[in-house]
file my_file-v4.txt (compact mmCIF, C-alpha atoms and all ligand atoms)
# COMPACT_ATOMS: atom_id res chain seq x y z
CA MET A 1 25.46 44.17 -40.07
CA LYS A 2 28.79 44.14 -38.24
CA VAL A 3 30.72 40.87 -38.54
CA LEU A 4 33.76 39.67 -36.57
CA ILE A 5 35.89 36.89 -38.08
CA VAL A 6 38.20 34.99 -35.70
CA GLY A 7 41.45 33.71 -37.19
CA SER A 8 44.46 34.86 -39.18
CA GLY A 9 45.11 32.51 -42.10
CA GLY A 10 44.35 32.19 -45.79
CA ARG A 11 41.08 30.48 -44.86
CA GLU A 12 39.94 33.53 -42.87
CA HIS A 13 40.98 35.79 -45.77
CA ALA A 14 38.82 33.70 -48.12
CA ILE A 15 35.91 33.88 -45.64
CA ALA A 16 36.40 37.67 -45.39
CA VAL A 17 36.31 38.07 -49.19
CA SER A 18 33.00 36.16 -49.32
CA VAL A 19 31.55 38.09 -46.36
CA ALA A 20 32.54 41.40 -47.99
CA LYS A 21 30.40 40.48 -51.03
CA SER A 22 27.25 40.23 -48.91
CA PRO A 23 25.02 43.28 -49.30
CA ARG A 24 23.94 42.77 -45.68
CA VAL A 25 27.39 43.53 -44.27
CA ASP A 26 28.68 47.05 -43.71
CA LYS A 27 31.61 46.46 -41.37
CA ILE A 28 34.05 43.55 -40.96
CA TYR A 29 36.45 43.09 -38.05
CA CYS A 30 39.02 40.32 -37.90
CA ALA A 31 40.89 39.11 -34.82
CA PRO A 32 43.81 38.96 -35.18
CA GLY A 33 43.75 38.96 -39.03
CA ASN A 34 46.73 39.62 -41.32
CA ALA A 35 47.91 42.20 -43.85
CA GLY A 36 45.63 40.95 -46.64
CA ILE A 37 42.54 40.71 -44.47
CA GLY A 38 43.36 44.28 -43.36
CA GLN A 39 42.55 45.48 -46.89
CA LEU A 40 38.86 44.70 -46.39
CA ALA A 41 38.44 44.44 -42.63
CA GLU A 42 39.59 46.25 -39.52
CA CYS A 43 42.10 43.92 -37.85
CA VAL A 44 42.07 43.92 -34.06
CA ASP A 45 45.02 42.72 -32.06
CA ILE A 46 43.26 40.02 -30.04
CA GLY A 47 44.33 36.37 -30.23
CA ALA A 48 41.85 33.66 -31.21
CA MET A 49 42.16 32.02 -27.76
CA GLU A 50 41.54 35.23 -25.78
CA PHE A 51 37.85 34.48 -25.22
CA GLU A 52 37.16 37.24 -22.67
CA ARG A 53 38.77 39.96 -24.77
CA LEU A 54 36.95 38.75 -27.90
CA THR A 55 33.62 38.80 -26.07
CA ALA A 56 34.27 42.26 -24.63
CA PHE A 57 35.28 43.57 -28.07
CA ALA A 58 32.15 42.12 -29.70
CA LYS A 59 29.92 43.73 -27.07
CA GLU A 60 31.63 47.13 -27.09
CA ASN A 61 31.49 47.33 -30.87
CA SER A 62 27.93 45.99 -31.23
CA VAL A 63 29.07 43.06 -33.39
CA ASP A 64 26.01 41.27 -34.79
CA PHE A 65 27.62 38.06 -35.96
CA VAL A 66 30.86 36.23 -35.18
CA ILE A 67 32.42 33.66 -37.54
CA VAL A 68 34.99 31.39 -35.92
CA GLY A 69 37.33 30.06 -38.61
CA MET A 70 39.91 28.12 -36.60
CA ASP A 71 39.81 24.76 -34.84
CA ASP A 72 41.46 25.65 -31.50
CA PRO A 73 38.90 28.24 -30.34
CA LEU A 74 36.02 26.05 -31.55
CA VAL A 75 37.27 23.00 -29.65
CA GLY A 76 38.00 25.26 -26.66
CA GLY A 77 34.40 26.52 -26.54
CA LEU A 78 34.54 30.08 -27.89
CA VAL A 79 31.06 29.75 -29.38
CA ASP A 80 29.60 28.81 -25.99
CA VAL A 81 31.28 31.81 -24.33
CA LEU A 82 29.99 34.24 -26.98
CA GLU A 83 26.48 32.78 -26.98
CA ALA A 84 26.30 33.06 -23.19
CA GLU A 85 26.66 36.81 -23.72
CA GLY A 86 23.90 36.83 -26.32
CA ILE A 87 26.21 37.16 -29.34
CA ARG A 88 25.19 35.31 -32.50
CA CYS A 89 27.90 33.05 -33.71
CA PHE A 90 28.66 30.72 -36.64
CA GLY A 91 30.46 27.54 -35.61
CA PRO A 92 29.84 24.46 -33.46
CA ARG A 93 29.59 24.61 -29.68
CA LYS A 94 32.25 22.84 -27.65
CA ASN A 95 30.20 19.66 -27.24
CA ALA A 96 29.91 19.37 -31.05
CA ALA A 97 33.40 20.59 -32.01
CA ILE A 98 34.65 17.44 -30.25
CA LEU A 99 33.95 15.80 -33.62
CA GLU A 100 37.32 17.28 -34.60
CA GLY A 101 38.77 17.71 -31.11
CA SER A 102 38.87 14.00 -30.27
CA LYS A 103 39.67 11.33 -32.82
CA ALA A 104 38.68 8.64 -30.28
CA PHE A 105 35.26 10.30 -29.97
CA SER A 106 34.78 10.50 -33.74
CA LYS A 107 35.85 6.88 -34.27
CA ASP A 108 33.44 5.65 -31.57
CA LEU A 109 30.66 7.74 -33.11
CA MET A 110 31.27 6.23 -36.55
CA LYS A 111 31.35 2.72 -35.13
CA LYS A 112 28.14 3.22 -33.13
CA TYR A 113 26.24 4.69 -36.09
CA LYS A 114 27.79 2.42 -38.75
CA ILE A 115 29.46 5.22 -40.71
CA PRO A 116 32.18 3.70 -42.94
CA THR A 117 35.68 4.27 -41.58
CA ALA A 118 38.93 2.32 -41.08
CA ALA A 119 38.88 -0.36 -38.34
CA TYR A 120 40.51 0.86 -35.09
CA GLU A 121 41.08 0.55 -31.34
CA ASN A 122 41.37 3.39 -28.79
CA PHE A 123 44.02 3.40 -26.05
CA ASP A 124 44.46 5.46 -22.85
CA ASP A 125 47.39 3.41 -21.63
CA PRO A 126 50.69 3.06 -23.53
CA GLY A 127 51.26 -0.42 -22.03
CA GLU A 128 48.03 -1.68 -23.56
CA ALA A 129 48.88 -0.10 -26.92
CA VAL A 130 52.24 -1.90 -26.89
CA ARG A 131 50.63 -5.26 -25.99
CA TYR A 132 48.12 -4.79 -28.81
CA LEU A 133 50.85 -4.00 -31.36
CA GLU A 134 52.98 -6.96 -30.21
CA GLU A 135 50.14 -9.29 -31.15
CA ARG A 136 49.17 -7.55 -34.35
CA ALA A 137 50.37 -9.19 -37.59
CA ASP A 138 49.05 -6.64 -40.01
CA TYR A 139 51.35 -3.73 -41.02
CA PRO A 140 51.49 -0.84 -41.97
CA VAL A 141 49.33 0.54 -39.17
CA VAL A 142 48.29 4.13 -38.44
CA LEU A 143 48.77 5.82 -35.05
CA LYS A 144 46.82 8.98 -34.26
CA ALA A 145 47.10 11.30 -31.28
CA ASP A 146 43.55 11.85 -30.01
CA GLY A 147 43.56 15.66 -29.84
CA LEU A 148 44.46 18.63 -32.03
CA ALA A 149 48.06 18.47 -33.24
CA LEU A 150 48.24 20.91 -36.17
CA GLY A 151 47.64 18.01 -38.57
CA LYS A 152 50.90 16.37 -37.42
CA GLY A 153 49.60 13.82 -34.91
CA VAL A 154 49.23 11.00 -37.46
CA LEU A 155 52.04 8.44 -37.85
CA ILE A 156 51.99 5.81 -40.59
CA CYS A 157 54.14 2.94 -39.32
CA ASN A 158 55.40 0.31 -41.75
CA THR A 159 56.72 -2.14 -39.16
CA LYS A 160 56.07 -3.23 -35.57
CA GLU A 161 59.28 -1.47 -34.49
CA GLU A 162 58.16 1.83 -36.00
CA ALA A 163 54.76 1.47 -34.37
CA LEU A 164 56.28 0.78 -30.94
CA ALA A 165 58.47 3.86 -31.36
CA GLY A 166 55.34 5.78 -32.39
CA VAL A 167 53.58 4.88 -29.13
CA ARG A 168 56.55 6.34 -27.25
CA THR A 169 56.49 9.52 -29.38
CA ILE A 170 52.78 10.12 -28.90
CA MET A 171 51.94 8.76 -25.43
CA GLU A 172 55.20 8.88 -23.46
CA ASP A 173 57.36 11.66 -24.91
CA LYS A 174 54.16 13.63 -25.54
CA GLN A 175 55.51 15.15 -28.74
CA PHE A 176 52.00 16.46 -29.48
CA GLY A 177 51.34 17.47 -25.86
CA ALA A 178 48.08 16.53 -24.18
CA ALA A 179 46.72 15.54 -27.62
CA GLY A 180 48.63 12.29 -26.97
CA ASP A 181 46.94 11.38 -23.68
CA ARG A 182 44.81 9.04 -25.76
CA MET A 183 45.60 7.40 -29.05
CA VAL A 184 43.80 5.67 -31.90
CA ILE A 185 45.45 2.72 -33.66
CA GLU A 186 43.89 2.31 -37.07
CA GLU A 187 43.93 0.02 -40.08
CA PHE A 188 46.00 1.40 -43.00
CA ILE A 189 43.77 2.05 -46.01
CA THR A 190 44.59 3.36 -49.48
CA GLY A 191 43.04 5.45 -52.23
CA PRO A 192 42.70 9.05 -53.40
CA GLU A 193 41.78 11.57 -50.70
CA VAL A 194 38.97 14.06 -51.18
CA SER A 195 37.86 16.94 -48.95
CA VAL A 196 34.13 17.61 -48.79
CA LEU A 197 32.93 20.66 -46.88
CA SER A 198 29.33 21.11 -45.79
CA PHE A 199 27.06 23.57 -44.00
CA VAL A 200 25.02 22.07 -41.15
CA ASP A 201 22.21 23.58 -39.01
CA GLY A 202 21.88 20.82 -36.42
CA LYS A 203 19.60 18.66 -38.58
CA THR A 204 19.95 19.60 -42.26
CA ILE A 205 23.21 19.30 -44.20
CA ARG A 206 24.11 21.00 -47.48
CA ILE A 207 27.18 19.73 -49.32
CA MET A 208 29.60 22.14 -50.99
CA THR A 209 31.64 21.33 -54.08
CA SER A 210 34.54 18.88 -53.56
CA ALA A 211 38.22 19.74 -53.23
CA GLN A 212 41.58 18.06 -52.87
CA ASP A 213 44.58 19.09 -50.77
CA HIS A 214 48.31 18.45 -51.26
CA LYS A 215 49.72 18.00 -47.76
CA ARG A 216 53.34 17.05 -48.47
CA ALA A 217 56.00 19.73 -48.83
CA GLN A 218 57.57 18.55 -52.11
CA ASP A 219 56.51 17.70 -55.65
CA GLY A 220 55.29 14.16 -56.17
CA ASP A 221 53.84 14.05 -52.64
CA ARG A 222 57.28 13.66 -51.10
CA GLY A 223 58.74 15.34 -48.03
CA LEU A 224 57.18 16.30 -44.72
CA ASN A 225 53.52 16.89 -44.00
CA THR A 226 52.52 20.55 -44.02
CA GLY A 227 49.35 22.52 -43.33
CA GLY A 228 48.66 22.17 -47.09
CA MET A 229 50.70 23.30 -50.13
CA GLY A 230 47.79 23.78 -52.49
CA THR A 231 44.30 22.67 -53.43
CA PHE A 232 42.00 22.30 -56.37
CA SER A 233 38.25 22.08 -56.79
CA PRO A 234 36.30 20.15 -57.89
CA SER A 235 38.03 16.77 -57.48
CA PRO A 236 37.71 14.56 -60.57
CA PHE A 237 37.75 11.56 -58.22
CA TYR A 238 34.51 12.75 -56.61
CA THR A 239 32.17 11.12 -59.10
CA ALA A 240 28.37 11.00 -59.00
CA GLU A 241 28.68 7.44 -57.71
CA VAL A 242 30.93 8.49 -54.82
CA ASP A 243 28.59 11.37 -54.05
CA ALA A 244 25.57 9.06 -53.94
CA PHE A 245 27.36 6.63 -51.59
CA CYS A 246 28.38 9.42 -49.22
CA ARG A 247 24.91 10.91 -49.17
CA GLU A 248 23.45 7.52 -48.31
CA HIS A 249 26.00 6.39 -45.71
CA ILE A 250 28.05 9.31 -44.40
CA TYR A 251 26.75 12.90 -44.52
CA GLN A 252 23.25 12.86 -43.04
CA ALA A 253 24.24 9.88 -40.87
CA THR A 254 26.92 12.03 -39.19
CA VAL A 255 24.55 14.93 -38.56
CA ASP A 256 21.87 12.58 -37.19
CA ALA A 257 24.42 10.79 -35.00
CA MET A 258 25.56 14.06 -33.42
CA ALA A 259 21.95 15.10 -32.79
CA ALA A 260 21.14 11.70 -31.27
CA GLU A 261 24.11 12.08 -28.92
CA GLY A 262 22.72 15.41 -27.67
CA ARG A 263 25.47 17.30 -29.51
CA PRO A 264 23.67 19.03 -32.39
CA PHE A 265 26.27 20.31 -34.86
CA LYS A 266 25.89 23.78 -36.35
CA GLY A 267 28.61 25.11 -38.61
CA VAL A 268 30.90 23.52 -41.17
CA ILE A 269 31.63 19.80 -41.15
CA PHE A 270 34.68 18.94 -43.25
CA PHE A 271 34.69 15.29 -44.29
CA GLY A 272 38.19 14.00 -44.99
CA LEU A 273 37.40 11.02 -47.24
CA MET A 274 39.56 8.25 -48.66
CA LEU A 275 38.15 6.55 -51.75
CA THR A 276 39.29 2.98 -51.11
CA PRO A 277 38.76 0.04 -53.47
CA ALA A 278 36.00 -1.05 -51.05
CA GLY A 279 34.28 2.35 -51.22
CA PRO A 280 34.56 5.76 -49.52
CA ARG A 281 35.74 5.83 -45.88
CA VAL A 282 35.88 8.75 -43.45
CA LEU A 283 39.53 9.43 -42.53
CA GLU A 284 38.71 12.34 -40.27
CA TYR A 285 36.22 15.06 -39.49
CA ASN A 286 37.06 18.72 -39.04
CA ALA A 287 34.66 21.20 -37.48
CA ARG A 288 35.54 24.13 -39.77
CA PHE A 289 36.49 25.07 -43.32
CA GLY A 290 39.73 23.51 -44.55
CA ASP A 291 42.79 25.64 -45.14
CA PRO A 292 43.58 25.82 -48.10
CA GLU A 293 40.30 24.12 -49.20
CA ALA A 294 38.29 27.28 -48.40
CA GLN A 295 40.50 29.17 -50.86
CA VAL A 296 39.19 27.11 -53.82
CA VAL A 297 35.66 26.29 -52.62
CA LEU A 298 34.41 29.70 -51.46
CA PRO A 299 35.42 31.63 -54.60
CA ARG A 300 33.20 29.24 -56.58
CA MET A 301 30.15 29.61 -54.30
CA LYS A 302 27.36 31.79 -55.69
CA ASN A 303 25.28 32.09 -52.48
CA ASP A 304 25.46 34.98 -50.03
CA ILE A 305 27.63 33.38 -47.34
CA ILE A 306 25.99 35.38 -44.55
CA GLU A 307 22.55 34.13 -45.57
CA VAL A 308 23.79 30.52 -45.49
CA MET A 309 25.58 30.95 -42.16
CA GLU A 310 22.56 32.60 -40.54
CA ALA A 311 20.39 29.70 -41.77
CA CYS A 312 22.81 27.33 -39.99
CA VAL A 313 22.41 29.28 -36.75
CA ASP A 314 18.60 29.59 -37.11
CA GLY A 315 18.00 25.97 -38.16
CA THR A 316 16.53 26.97 -41.54
CA LEU A 317 19.12 25.47 -43.87
CA ASP A 318 16.40 23.32 -45.46
CA LYS A 319 15.20 26.52 -47.18
CA ILE A 320 18.57 27.05 -48.88
CA GLU A 321 20.11 25.40 -51.94
CA LEU A 322 23.81 25.91 -52.42
CA GLU A 323 24.98 26.94 -55.86
CA PHE A 324 28.48 26.68 -57.26
CA GLU A 325 29.90 28.01 -60.50
CA ASP A 326 30.35 25.42 -63.23
CA ASN A 327 34.11 25.90 -63.40
CA ALA A 328 37.26 25.00 -61.47
CA ALA A 329 39.75 26.67 -59.16
CA VAL A 330 43.34 25.94 -58.16
CA CYS A 331 45.21 27.41 -55.17
CA VAL A 332 49.02 27.35 -55.14
CA VAL A 333 50.56 28.12 -51.75
CA LEU A 334 53.64 30.35 -51.81
CA ALA A 335 55.68 29.34 -48.78
CA SER A 336 58.99 30.34 -47.23
CA GLN A 337 61.93 28.11 -48.23
CA GLY A 338 62.47 25.62 -45.38
CA TYR A 339 58.80 25.34 -44.35
CA PRO A 340 57.56 23.30 -42.44
CA VAL A 341 60.79 23.02 -40.42
CA SER A 342 62.61 26.35 -40.18
CA TYR A 343 62.54 29.45 -42.34
CA GLU A 344 63.33 33.15 -42.26
CA LYS A 345 60.69 35.86 -42.12
CA GLY A 346 60.55 39.58 -42.81
CA PHE A 347 61.17 39.62 -46.60
CA LYS A 348 59.40 42.32 -48.58
CA ILE A 349 56.64 41.07 -50.91
CA THR A 350 56.15 42.81 -54.26
CA GLY A 351 53.58 42.44 -57.03
CA LEU A 352 50.51 42.18 -54.82
CA GLU A 353 48.81 45.12 -56.58
CA ARG A 354 48.77 43.06 -59.80
CA PHE A 355 45.70 41.21 -58.44
CA GLU A 356 43.56 44.34 -58.13
CA GLY A 357 40.60 44.21 -60.50
CA GLU A 358 41.67 40.84 -61.97
CA GLU A 359 38.42 38.89 -62.23
CA GLY A 360 38.85 35.25 -61.18
CA TYR A 361 42.22 35.75 -59.45
CA PHE A 362 42.75 35.93 -55.69
CA CYS A 363 45.79 36.48 -53.53
CA PHE A 364 44.88 35.15 -50.09
CA HIS A 365 47.28 36.13 -47.33
CA ALA A 366 48.36 33.66 -44.64
CA GLY A 367 51.71 34.62 -43.06
CA THR A 368 52.09 38.30 -43.95
CA LYS A 369 52.55 41.49 -41.93
CA ARG A 370 52.31 45.17 -42.75
CA THR A 371 55.41 47.17 -41.77
CA GLU A 372 56.72 50.64 -42.60
CA GLU A 373 58.46 49.25 -45.70
CA GLY A 374 55.28 47.57 -46.89
CA ILE A 375 53.97 44.01 -46.63
CA VAL A 376 56.55 41.40 -45.56
CA THR A 377 56.61 37.62 -45.08
CA ASN A 378 55.63 36.56 -41.57
CA GLY A 379 55.15 32.78 -41.61
CA GLY A 380 55.78 29.43 -43.29
CA ARG A 381 52.81 29.62 -45.59
CA VAL A 382 52.84 33.19 -46.90
CA LEU A 383 50.20 33.50 -49.64
CA GLY A 384 47.65 31.31 -51.41
CA ILE A 385 47.29 32.20 -55.10
CA THR A 386 43.91 31.09 -56.40
CA ALA A 387 42.74 31.27 -59.99
CA LYS A 388 39.62 30.03 -61.68
CA GLY A 389 39.34 28.50 -65.13
CA SER A 390 36.67 26.77 -67.16
CA THR A 391 38.49 23.46 -66.53
CA LEU A 392 40.99 22.31 -63.92
CA LEU A 393 43.75 22.40 -66.51
CA GLU A 394 42.98 26.02 -67.34
CA ALA A 395 42.65 26.98 -63.67
CA ARG A 396 46.02 25.37 -62.96
CA ALA A 397 47.71 27.28 -65.80
CA ASN A 398 46.13 30.51 -64.57
CA ALA A 399 47.17 29.91 -60.94
CA TYR A 400 50.78 29.13 -61.86
CA GLY A 401 50.85 32.20 -64.10
CA ALA A 402 49.64 34.40 -61.26
CA ALA A 403 52.08 32.79 -58.82
CA GLU A 404 54.80 34.54 -60.86
CA TRP A 405 53.24 37.98 -60.33
CA VAL A 406 54.36 37.94 -56.71
CA ARG A 407 58.00 38.08 -55.59
CA PHE A 408 59.78 37.72 -52.27
CA ASP A 409 63.12 36.27 -51.18
CA ASN A 410 63.10 32.52 -50.37
CA LYS A 411 59.78 31.98 -52.15
CA TYR A 412 58.95 28.26 -52.41
CA MET A 413 56.05 26.42 -54.04
CA ARG A 414 55.14 23.02 -55.37
CA HIS A 415 54.87 22.76 -59.15
CA ASP A 416 52.37 19.92 -59.36
CA ILE A 417 49.27 21.23 -57.60
CA GLY A 418 46.26 19.83 -59.43
CA ARG A 419 48.30 17.26 -61.33
CA ALA A 420 45.99 14.53 -60.03
CA ILE A 421 43.77 15.51 -62.92
CA ASP A 422 46.32 14.11 -65.30
CA GLU A 423 45.56 10.71 -63.79
CA VAL A 424 41.85 11.09 -64.49
CA ARG A 425 41.87 12.80 -67.89
CA GLU A 426 39.07 15.28 -68.24
P1 LIG B 501 44.13 12.87 -40.64
O1 LIG B 501 44.69 14.06 -39.88
O2 LIG B 501 43.42 11.89 -39.81
O3 LIG B 501 43.39 13.29 -41.90
O4 LIG B 501 45.42 12.14 -41.23
C1 LIG B 501 46.41 12.84 -41.95
C2 LIG B 501 46.79 12.05 -43.17
O5 LIG B 501 47.27 10.76 -42.80
C3 LIG B 501 45.62 11.78 -44.10
O6 LIG B 501 45.40 12.86 -44.96
C4 LIG B 501 46.07 10.54 -44.80
O7 LIG B 501 46.94 10.85 -45.87
C5 LIG B 501 46.85 9.79 -43.75
N1 LIG B 501 45.99 8.79 -43.08
C6 LIG B 501 45.20 9.00 -42.00
N2 LIG B 501 44.55 7.87 -41.65
C7 LIG B 501 44.96 6.92 -42.51
C8 LIG B 501 44.64 5.51 -42.68
N3 LIG B 501 43.80 4.88 -41.85
N4 LIG B 501 45.24 4.86 -43.69
C9 LIG B 501 46.11 5.49 -44.51
N5 LIG B 501 46.44 6.78 -44.42
C10 LIG B 501 45.88 7.50 -43.43
N1 LIG B 502 43.64 21.25 -45.41
C1 LIG B 502 43.39 20.40 -44.33
C2 LIG B 502 42.88 21.07 -43.13
O1 LIG B 502 42.46 22.21 -43.16
O2 LIG B 502 42.87 20.43 -42.09
call {"tool": "encode", "arguments": {"input": "my_file-v4.txt", "output": "structure tokens"}}
result
Amino acid sequence: MKVLIVGSGGREHAIAVSVAKSPRVDKIYCAPGNAGIGQLAECVDIGAMEFERLTAFAKENSVDFVIVGMDDPLVGGLVDVLEAEGIRCFGPRKNAAILEGSKAFSKDLMKKYKIPTAAYENFDDPGEAVRYLEERADYPVVLKADGLALGKGVLICNTKEEALAGVRTIMEDKQFGAAGDRMVIEEFITGPEVSVLSFVDGKTIRIMTSAQDHKRAQDGDRGLNTGGMGTFSPSPFYTAEVDAFCREHIYQATVDAMAAEGRPFKGVIFFGLMLTPAGPRVLEYNARFGDPEAQVVLPRMKNDIIEVMEACVDGTLDKIELEFEDNAAVCVVLASQGYPVSYEKGFKITGLERFEGEEGYFCFHAGTKRTEEGIVTNGGRVLGITAKGSTLLEARANAYGAAEWVRFDNKYMRHDIGRAIDEVRE
């Protein structure tokens, strides 16, 4: 089987490592890929939003199966374009990827089907949003741009003044572009956050092991929001009780709701949950693997990923049981100093060969590039260092040990990835 993976981050590298383990696969392409993915796949210089070129490439090279890793092409309808040409594809169609592509859509869906989430109102008109906030007594409040905004379109506003300024930022100054044509204003809720990824075939859902992200740039969850500075799996907050609640009220209910709306979802649904004192609530849905959640969840999965993905496409997921190793994994992101604001690129990376043949250790590339001098930094998030361990504590020690194997100028990381476990002693 020839497989094409669309994307270029650490998530796509983790997907590629899992795909490469499948005995069914003899060739992997990745568009556009990165230097690490290039060690196990042939990278092709086509961008994830170049739908016509991707389709032509898949046809010319007799690609049997395409895996779309990223949100933008999914929300833009890449799967529909490929399927129209008869190419088998893992990922939701455009009418289902809207679950991530529009927060107003997902909130209305949850309300209609009684899926627990924070109370909210949707707004198309900034004047109405302002009038609503003027009358509201309850702060903080959360403002969300409707569309995709690289995880940055969420503003937590502590006062009415901040919220009014937020309406201007999102809807008038259009800081997040067309994503701010509509806006959700939402109740502020509190509690630990957990990421739960799942495979879905349109009707059946299979839940993967839980994970937790660290979105802020600095230790102690301070500083700016980033794409994610590190993850760990499983989450000690995701207890059997939480799992039972979510299975009863959230997971299957979401899949059934999408089917009832004539938008059957096939692919990965990522449930961003907040475990509030009143019970779990859905903060957001994503229509793809998380990055860097994939980097701790996939290394622990025992199944053949191609078999599971094909079952999603064929509607036979009910025949599959997912299996995860009874251990833990931690991923520490090595970033460029200054990320997420401004940073230099082009520094040589050394020590990568140290990972070769090291069982239970992974060096997932995100922003890297191969040049004549070797592999150099090429982005804000450069590498994701994942290590397994029999417990989260052990996995964390292993991951931080391995983070020292790699060197490059301006290397930056958080030192408290996985520390949440100290709050819930094992
Ligand atoms: P989202 O992109 O919707 O997951 O939001 C990004 C982050 O904003 C989340 O990971 C939360 O930390 C925070 N957040 C989103 N919605 C709320 C809410 N209703 N109450 C409190 N925090 C929130
Ligand atoms: N790690 C969060 C995301 O992928 O959106």
call {"tool": "closest_residue", "arguments": {"input": "my_file-v4.txt", "among": "A:Lys27, A:Arg206, A:His13, A:Lys348", "to": "Lys319 of chain A", "atoms": "only C-alpha atoms"}}
result
A:Arg206
call {"tool": "residues_near_ligand", "arguments": {"input": "my_file-v4.txt", "ligand": "ligand LIG 501 (chain B)", "cutoff": "6 Å", "atoms": "all atoms listed in the file", "output": "mmCIF file with C-alpha atoms, keeping the file's coordinate frame"}}
result
data_model
loop_
_atom_site.group_PDB
_atom_site.id
_atom_site.type_symbol
_atom_site.label_atom_id
_atom_site.label_comp_id
_atom_site.auth_asym_id
_atom_site.auth_seq_id
_atom_site.Cartn_x
_atom_site.Cartn_y
_atom_site.Cartn_z
ATOM 1 C CA ALA A 118 38.930 2.320 -41.080
ATOM 2 C CA VAL A 142 48.290 4.130 -38.440
ATOM 3 C CA GLY A 151 47.640 18.010 -38.570
ATOM 4 C CA VAL A 154 49.230 11.000 -37.460
ATOM 5 C CA GLU A 186 43.890 2.310 -37.070
ATOM 6 C CA GLU A 187 43.930 0.020 -40.080
ATOM 7 C CA PHE A 188 46.000 1.400 -43.000
ATOM 8 C CA ILE A 189 43.770 2.050 -46.010
ATOM 9 C CA THR A 190 44.590 3.360 -49.480
ATOM 10 C CA LEU A 283 39.530 9.430 -42.530
ATOM 11 C CA GLU A 284 38.710 12.340 -40.270
#
call {"tool": "atom_distance", "arguments": {"input": "my_file-v4.txt", "atom1": "atom CA of Gly127 of chain A", "atom2": "atom CA of Ser102 of chain A"}}
result
20.7 Å
call {"tool": "atom_distance", "arguments": {"input": "my_file-v4.txt", "atom1": "atom CA of Pro116 of chain A", "atom2": "atom CA of Arg281 of chain A"}}
result
5.1 Å
call {"tool": "closest_residue", "arguments": {"input": "my_file-v4.txt", "among": "A:Asp138, A:Glu42, A:Glu293, A:Asp72", "to": "Ala14 of chain A", "atoms": "all atoms listed in the file"}}
result
A:Glu293
call {"tool": "closest_atom_pairs", "arguments": {"input": "my_file-v4.txt", "of": "chain A", "to": "ligand LIG 502 (chain B)", "cutoff": "12 Å", "atoms": "only C-alpha atoms and all ligand atoms", "output": "CSV"}}
result
residue,atom,partner,partner_atom,distance
A:Gly9,CA,B:LIG502,O1,10.7
A:Gly10,CA,B:LIG502,O1,10.5
A:Arg11,CA,B:LIG502,O1,8.6
A:Glu12,CA,B:LIG502,O1,11.6
A:Gly69,CA,B:LIG502,O1,10.4
A:Met70,CA,B:LIG502,O1,9.2
A:Asp71,CA,B:LIG502,O2,9.0
A:Asp72,CA,B:LIG502,O2,11.9
A:Glu100,CA,B:LIG502,O2,9.8
A:Leu148,CA,B:LIG502,O2,10.3
A:Ala149,CA,B:LIG502,O2,10.4
A:Leu150,CA,B:LIG502,O2,8.0
A:Gly151,CA,B:LIG502,O2,6.4
A:Lys152,CA,B:LIG502,O2,10.1
A:Gly153,CA,B:LIG502,O2,11.9
A:Glu193,CA,B:LIG502,C1,11.0
A:Val194,CA,B:LIG502,C1,10.3
A:Ser195,CA,B:LIG502,C1,8.0
A:Val196,CA,B:LIG502,C1,10.7
A:Leu197,CA,B:LIG502,O1,10.3
A:Ala211,CA,B:LIG502,N1,9.6
A:Gln212,CA,B:LIG502,N1,8.4
A:Asp213,CA,B:LIG502,N1,5.9
A:His214,CA,B:LIG502,N1,8.0
A:Lys215,CA,B:LIG502,N1,7.3
A:Arg216,CA,B:LIG502,N1,11.0
A:Asn225,CA,B:LIG502,C1,10.7
A:Thr226,CA,B:LIG502,N1,9.0
A:Gly227,CA,B:LIG502,N1,6.2
A:Gly228,CA,B:LIG502,N1,5.4
A:Met229,CA,B:LIG502,N1,8.7
A:Gly230,CA,B:LIG502,N1,8.6
A:Thr231,CA,B:LIG502,N1,8.2
A:Phe232,CA,B:LIG502,N1,11.1
A:Val268,CA,B:LIG502,O1,11.8
A:Ile269,CA,B:LIG502,O1,11.3
A:Phe270,CA,B:LIG502,O2,8.4
A:Phe271,CA,B:LIG502,O2,9.9
A:Gly272,CA,B:LIG502,C1,8.3
A:Leu273,CA,B:LIG502,C1,11.5
A:Leu283,CA,B:LIG502,O2,11.5
A:Glu284,CA,B:LIG502,O2,9.3
A:Tyr285,CA,B:LIG502,O2,8.9
A:Asn286,CA,B:LIG502,O2,6.8
A:Ala287,CA,B:LIG502,O2,9.4
A:Arg288,CA,B:LIG502,O1,7.9
A:Phe289,CA,B:LIG502,O1,6.6
A:Gly290,CA,B:LIG502,O1,3.3
A:Asp291,CA,B:LIG502,O1,4.0
A:Pro292,CA,B:LIG502,N1,5.3
A:Glu293,CA,B:LIG502,N1,5.8
A:Ala294,CA,B:LIG502,O1,8.4
A:Gln295,CA,B:LIG502,N1,10.1
A:Val296,CA,B:LIG502,N1,11.2
A:Val297,CA,B:LIG502,N1,11.9
A:Cys331,CA,B:LIG502,N1,11.6
A:Val333,CA,B:LIG502,N1,11.6
call {"tool": "closest_residue", "arguments": {"input": "my_file-v4.txt", "among": "A:Ala257, A:Ile67, A:Leu275, A:Leu352", "to": "Tyr238 of chain A", "atoms": "all atoms listed in the file"}}
result
A:Leu275
call {"tool": "residues_near_point", "arguments": {"input": "my_file-v4.txt", "point": "(57.4, 31.4, -45.4)", "cutoff": "12 Å", "atoms": "only C-alpha atoms", "output": "MDAnalysis selection string"}}
result
chainID A and resid 226 229 333:349 365:369 376:384 408:413
call {"tool": "residues_around", "arguments": {"input": "my_file-v4.txt", "residues": "Ala48 of chain A", "least_positions_apart": "3", "cutoff": "10 Å", "atoms": "only C-alpha atoms", "output": "list of chain:residue names"}}
result
A:Ile5, A:Val6, A:Gly7, A:Ser8, A:Cys30, A:Ala31, A:Pro32, A:Gly33, A:Asp45, A:Phe51, A:Arg53, A:Leu54, A:Val68, A:Gly69, A:Met70, A:Asp71, A:Asp72, A:Pro73, A:Leu74, A:Leu78
